[in-house]
Amino acid sequence: AQKVTQAQTEISVVEKEDVTLDCVYETRDTTYYLFWYKQPPSGELVFLIRRNSFDEQNEISGRYSWNFQKSTSSFNFTITASQVVDSAVYFCALSEDWGNKLVFGAGTILRVKS
Amino acid sequence: DGGITQSPKYLFRKEGQNVTLSCEQNLNHDAMYWYRQDPGQGLRLIYYSQIVNDFQKGDIAEGYSVSREKKESFPLTVTSAQKNPTAFYLCASSHPTENYGYTFGSGTRLTVV
């Protein structure tokens, strides 16, 4: 069965600090997809990244970077030089195939203080 | 612009009443989903549909019903059998060739009064 664990319930940092959000997943499939979403106070889910299981390259997008390690079943998300606008709930999610359910972690609340 | 429209944004229901949440998409996606979000929890899957006139139960389907008569529409009915319906409901759709995979609506916040 699929499972996603985000062990950090809430993280508080001061602006300009770097912060890493952890995500550990479980799946029996060899092909799967991992996602990160941001949920601001307004409630909508903002897509950040999708990573296929056969592509272990790390990715950087501006201040955001992702570290995918199949050996440890982890897909961690780092925000460099955090800003107040980064304050939100961040969800890691796993799908074993399109059209199949997207399984979410419990989410990590990130609070960035000025 | 293509996207998913959920309505209404806020909904109040009296105990014992059924209520239907609307979800419409113009993305030509085959698969659609309903998720429930409670405070401090992740999103849990209620129902999903991979094709018109077919749908499957998710992890918390009890007290809910859906229909998929048209590709664009996937309404969710919260029945009186749902013991604790107050929550935030999100609808999503997906297409296999799109990089972001899943598109979400802006949600409906249901409150039982």
# chains A, B, ... in the order shown; residues from 1 in each chain; ligands from 1
$ residues_around --residues "stretch 53-62 of chain A" --least-positions-apart "3" --cutoff "6 Å" --atoms "only C-alpha atoms" --output "ChimeraX atom specification"
/A:31-33,65-68
$ write_last_selection --atoms "N, CA and C atoms" --output "PDB file, in the first residue's frame"
ATOM      1  N   THR A  31       7.396   1.899 -10.615  1.00  0.00           N
ATOM      2  CA  THR A  31       7.085   3.148 -11.304  1.00  0.00           C
ATOM      3  C   THR A  31       6.084   3.937 -10.491  1.00  0.00           C
ATOM      4  N   TYR A  32       6.441   5.128 -10.142  1.00  0.00           N
ATOM      5  CA  TYR A  32       5.557   5.964  -9.346  1.00  0.00           C
ATOM      6  C   TYR A  32       5.952   7.423  -9.550  1.00  0.00           C
ATOM      7  N   TYR A  33       5.107   8.303  -9.022  1.00  0.00           N
ATOM      8  CA  TYR A  33       5.306   9.740  -9.188  1.00  0.00           C
ATOM      9  C   TYR A  33       5.206  10.419  -7.834  1.00  0.00           C
ATOM     10  N   SER A  65      14.573  23.704  -4.044  1.00  0.00           N
ATOM     11  CA  SER A  65      15.316  22.555  -4.555  1.00  0.00           C
ATOM     12  C   SER A  65      14.749  21.287  -3.941  1.00  0.00           C
ATOM     13  N   TRP A  66      14.908  20.193  -4.685  1.00  0.00           N
ATOM     14  CA  TRP A  66      14.362  18.920  -4.254  1.00  0.00           C
ATOM     15  C   TRP A  66      15.441  17.853  -4.334  1.00  0.00           C
ATOM     16  N   ASN A  67      15.494  17.020  -3.326  1.00  0.00           N
ATOM     17  CA  ASN A  67      16.473  15.942  -3.234  1.00  0.00           C
ATOM     18  C   ASN A  67      15.720  14.618  -3.203  1.00  0.00           C
ATOM     19  N   PHE A  68      15.807  13.867  -4.304  1.00  0.00           N
ATOM     20  CA  PHE A  68      15.105  12.594  -4.439  1.00  0.00           C
ATOM     21  C   PHE A  68      16.119  11.473  -4.258  1.00  0.00           C
TER      22      PHE A  68
END
$ interface_residues --of "chain A" --to "chain B" --cutoff "8 Å" --atoms "only C-alpha atoms" --output "PyMOL selection string"
chain A and resi 43-45+47+49-50+91+98-107
$ write_last_selection --atoms "all heavy atoms" --output "tab-separated table (two decimals), in the first residue's frame"
chain	number	residue	atom	x	y	z
A	43	GLY	N	-6.37	28.29	0.57
A	43	GLY	CA	-6.86	26.92	0.48
A	43	GLY	C	-6.54	26.16	-0.79
A	43	GLY	O	-6.56	24.93	-0.79
A	44	GLU	N	-6.30	26.85	-1.89
A	44	GLU	CA	-6.05	26.10	-3.12
A	44	GLU	C	-4.69	25.43	-3.06
A	44	GLU	O	-3.80	25.86	-2.34
A	44	GLU	CB	-6.14	27.01	-4.35
A	44	GLU	CG	-4.92	27.86	-4.63
A	44	GLU	CD	-4.89	29.15	-3.87
A	44	GLU	OE1	-5.64	29.27	-2.88
A	44	GLU	OE2	-4.11	30.04	-4.26
A	45	LEU	N	-4.53	24.36	-3.79
A	45	LEU	CA	-3.26	23.65	-3.85
A	45	LEU	C	-2.46	24.14	-5.04
A	45	LEU	O	-2.94	24.12	-6.17
A	45	LEU	CB	-3.48	22.14	-3.97
A	45	LEU	CG	-3.92	21.42	-2.70
A	45	LEU	CD1	-4.05	19.93	-2.96
A	45	LEU	CD2	-2.93	21.65	-1.58
A	47	PHE	N	0.70	23.55	-7.38
A	47	PHE	CA	1.67	22.54	-7.79
A	47	PHE	C	3.08	23.12	-7.77
A	47	PHE	O	3.33	24.22	-8.27
A	47	PHE	CB	1.32	22.06	-9.20
A	47	PHE	CG	2.37	21.25	-9.88
A	47	PHE	CD1	2.50	19.91	-9.61
A	47	PHE	CD2	3.25	21.83	-10.79
A	47	PHE	CE1	3.46	19.14	-10.25
A	47	PHE	CE2	4.21	21.08	-11.44
A	47	PHE	CZ	4.32	19.73	-11.17
A	49	ILE	N	6.16	20.62	-7.95
A	49	ILE	CA	7.03	19.75	-8.72
A	49	ILE	C	6.43	18.36	-8.82
A	49	ILE	O	5.68	17.93	-7.93
A	49	ILE	CB	8.44	19.64	-8.10
A	49	ILE	CG1	9.40	18.91	-9.06
A	49	ILE	CG2	8.39	18.95	-6.75
A	49	ILE	CD1	10.84	18.94	-8.62
A	50	ARG	N	6.73	17.67	-9.93
A	50	ARG	CA	6.46	16.24	-10.08
A	50	ARG	C	7.77	15.56	-10.43
A	50	ARG	O	8.53	16.07	-11.25
A	50	ARG	CB	5.45	15.99	-11.18
A	50	ARG	CG	5.15	14.49	-11.37
A	50	ARG	CD	4.13	14.23	-12.45
A	50	ARG	NE	4.75	13.99	-13.76
A	50	ARG	CZ	4.10	13.45	-14.77
A	50	ARG	NH1	2.83	13.11	-14.65
A	50	ARG	NH2	4.69	13.27	-15.93
A	91	PHE	N	2.55	19.98	1.19
A	91	PHE	CA	2.19	18.56	1.13
A	91	PHE	C	3.08	17.82	0.15
A	91	PHE	O	3.34	18.30	-0.97
A	91	PHE	CB	0.75	18.39	0.67
A	91	PHE	CG	-0.28	18.83	1.66
A	91	PHE	CD1	-0.90	20.06	1.53
A	91	PHE	CD2	-0.61	18.03	2.74
A	91	PHE	CE1	-1.86	20.48	2.44
A	91	PHE	CE2	-1.57	18.43	3.66
A	91	PHE	CZ	-2.18	19.67	3.51
A	98	TRP	N	-1.09	7.38	-13.23
A	98	TRP	CA	-2.08	8.41	-13.48
A	98	TRP	C	-3.46	7.76	-13.41
A	98	TRP	O	-3.64	6.59	-13.69
A	98	TRP	CB	-1.88	9.05	-14.85
A	98	TRP	CG	-2.62	8.33	-15.94
A	98	TRP	CD1	-2.19	7.26	-16.65
A	98	TRP	CD2	-3.96	8.59	-16.37
A	98	TRP	NE1	-3.18	6.87	-17.52
A	98	TRP	CE2	-4.26	7.64	-17.38
A	98	TRP	CE3	-4.91	9.55	-16.01
A	98	TRP	CZ2	-5.49	7.64	-18.02
A	98	TRP	CZ3	-6.13	9.53	-16.66
A	98	TRP	CH2	-6.41	8.58	-17.65
A	99	GLY	N	-4.42	8.55	-13.04
A	99	GLY	CA	-5.77	8.02	-12.92
A	99	GLY	C	-5.99	7.27	-11.64
A	99	GLY	O	-7.11	6.93	-11.28
A	100	ASN	N	-4.91	6.99	-10.93
A	100	ASN	CA	-5.01	6.38	-9.62
A	100	ASN	C	-4.88	7.44	-8.55
A	100	ASN	O	-4.47	8.55	-8.81
A	100	ASN	CB	-3.94	5.31	-9.43
A	100	ASN	CG	-4.27	4.06	-10.21
A	100	ASN	OD1	-5.42	3.78	-10.49
A	100	ASN	ND2	-3.25	3.31	-10.56
A	101	LYS	N	-5.22	7.04	-7.36
A	101	LYS	CA	-5.29	8.03	-6.31
A	101	LYS	C	-3.93	8.64	-5.99
A	101	LYS	O	-2.90	7.98	-6.07
A	101	LYS	CB	-5.90	7.43	-5.05
A	101	LYS	CG	-5.14	6.24	-4.49
A	101	LYS	CD	-5.87	5.69	-3.28
A	101	LYS	CE	-5.13	4.50	-2.68
A	101	LYS	NZ	-5.86	3.98	-1.49
A	102	LEU	N	-3.98	9.90	-5.65
A	102	LEU	CA	-2.82	10.63	-5.18
A	102	LEU	C	-2.90	10.57	-3.66
A	102	LEU	O	-3.86	11.04	-3.06
A	102	LEU	CB	-2.91	12.06	-5.69
A	102	LEU	CG	-1.72	12.99	-5.53
A	102	LEU	CD1	-0.50	12.42	-6.22
A	102	LEU	CD2	-2.05	14.36	-6.08
A	103	VAL	N	-1.89	9.96	-3.05
A	103	VAL	CA	-1.88	9.80	-1.59
A	103	VAL	C	-1.02	10.90	-0.99
A	103	VAL	O	0.13	11.08	-1.38
A	103	VAL	CB	-1.32	8.41	-1.21
A	103	VAL	CG1	-1.20	8.30	0.30
A	103	VAL	CG2	-2.23	7.32	-1.75
A	104	PHE	N	-1.59	11.61	-0.03
A	104	PHE	CA	-0.92	12.75	0.57
A	104	PHE	C	-0.33	12.43	1.93
A	104	PHE	O	-0.87	11.61	2.68
A	104	PHE	CB	-1.91	13.90	0.75
A	104	PHE	CG	-2.28	14.60	-0.51
A	104	PHE	CD1	-3.26	14.10	-1.35
A	104	PHE	CD2	-1.65	15.79	-0.87
A	104	PHE	CE1	-3.60	14.75	-2.52
A	104	PHE	CE2	-1.99	16.44	-2.04
A	104	PHE	CZ	-2.95	15.92	-2.87
A	105	GLY	N	0.75	13.12	2.26
A	105	GLY	CA	1.22	13.15	3.63
A	105	GLY	C	0.34	14.10	4.43
A	105	GLY	O	-0.54	14.77	3.88
A	106	ALA	N	0.58	14.16	5.72
A	106	ALA	CA	-0.25	14.99	6.60
A	106	ALA	C	0.05	16.47	6.45
A	106	ALA	O	-0.72	17.31	6.94
A	106	ALA	CB	-0.05	14.58	8.05
A	107	GLY	N	1.14	16.80	5.79
A	107	GLY	CA	1.48	18.19	5.57
A	107	GLY	C	2.39	18.76	6.65
A	107	GLY	O	2.39	18.29	7.80
$ select_by_dssp --residues "stretch 1-104 of chain B" --states "strand (DSSP E or B)" --output "VMD selection string"
chain B and resid 4 to 7 10 to 13 19 to 25 31 to 37 43 to 51 54 to 57 64 to 66 70 73 76 to 78 87 to 94 102 to 104
$ atom_distance --atom1 "atom CA of B:Leu21" --atom2 "atom CA of A:Ala1"
29.3 Å
$ residues_around --residues "A:Val89" --least-positions-apart "2" --cutoff "7 Å" --atoms "only C-alpha atoms" --output "PyMOL selection string"
chain A and resi 38-40+91+107-110
$ atom_distance --atom1 "atom CA of A:Val4" --atom2 "atom CA of B:Gly63"
25.3 Å
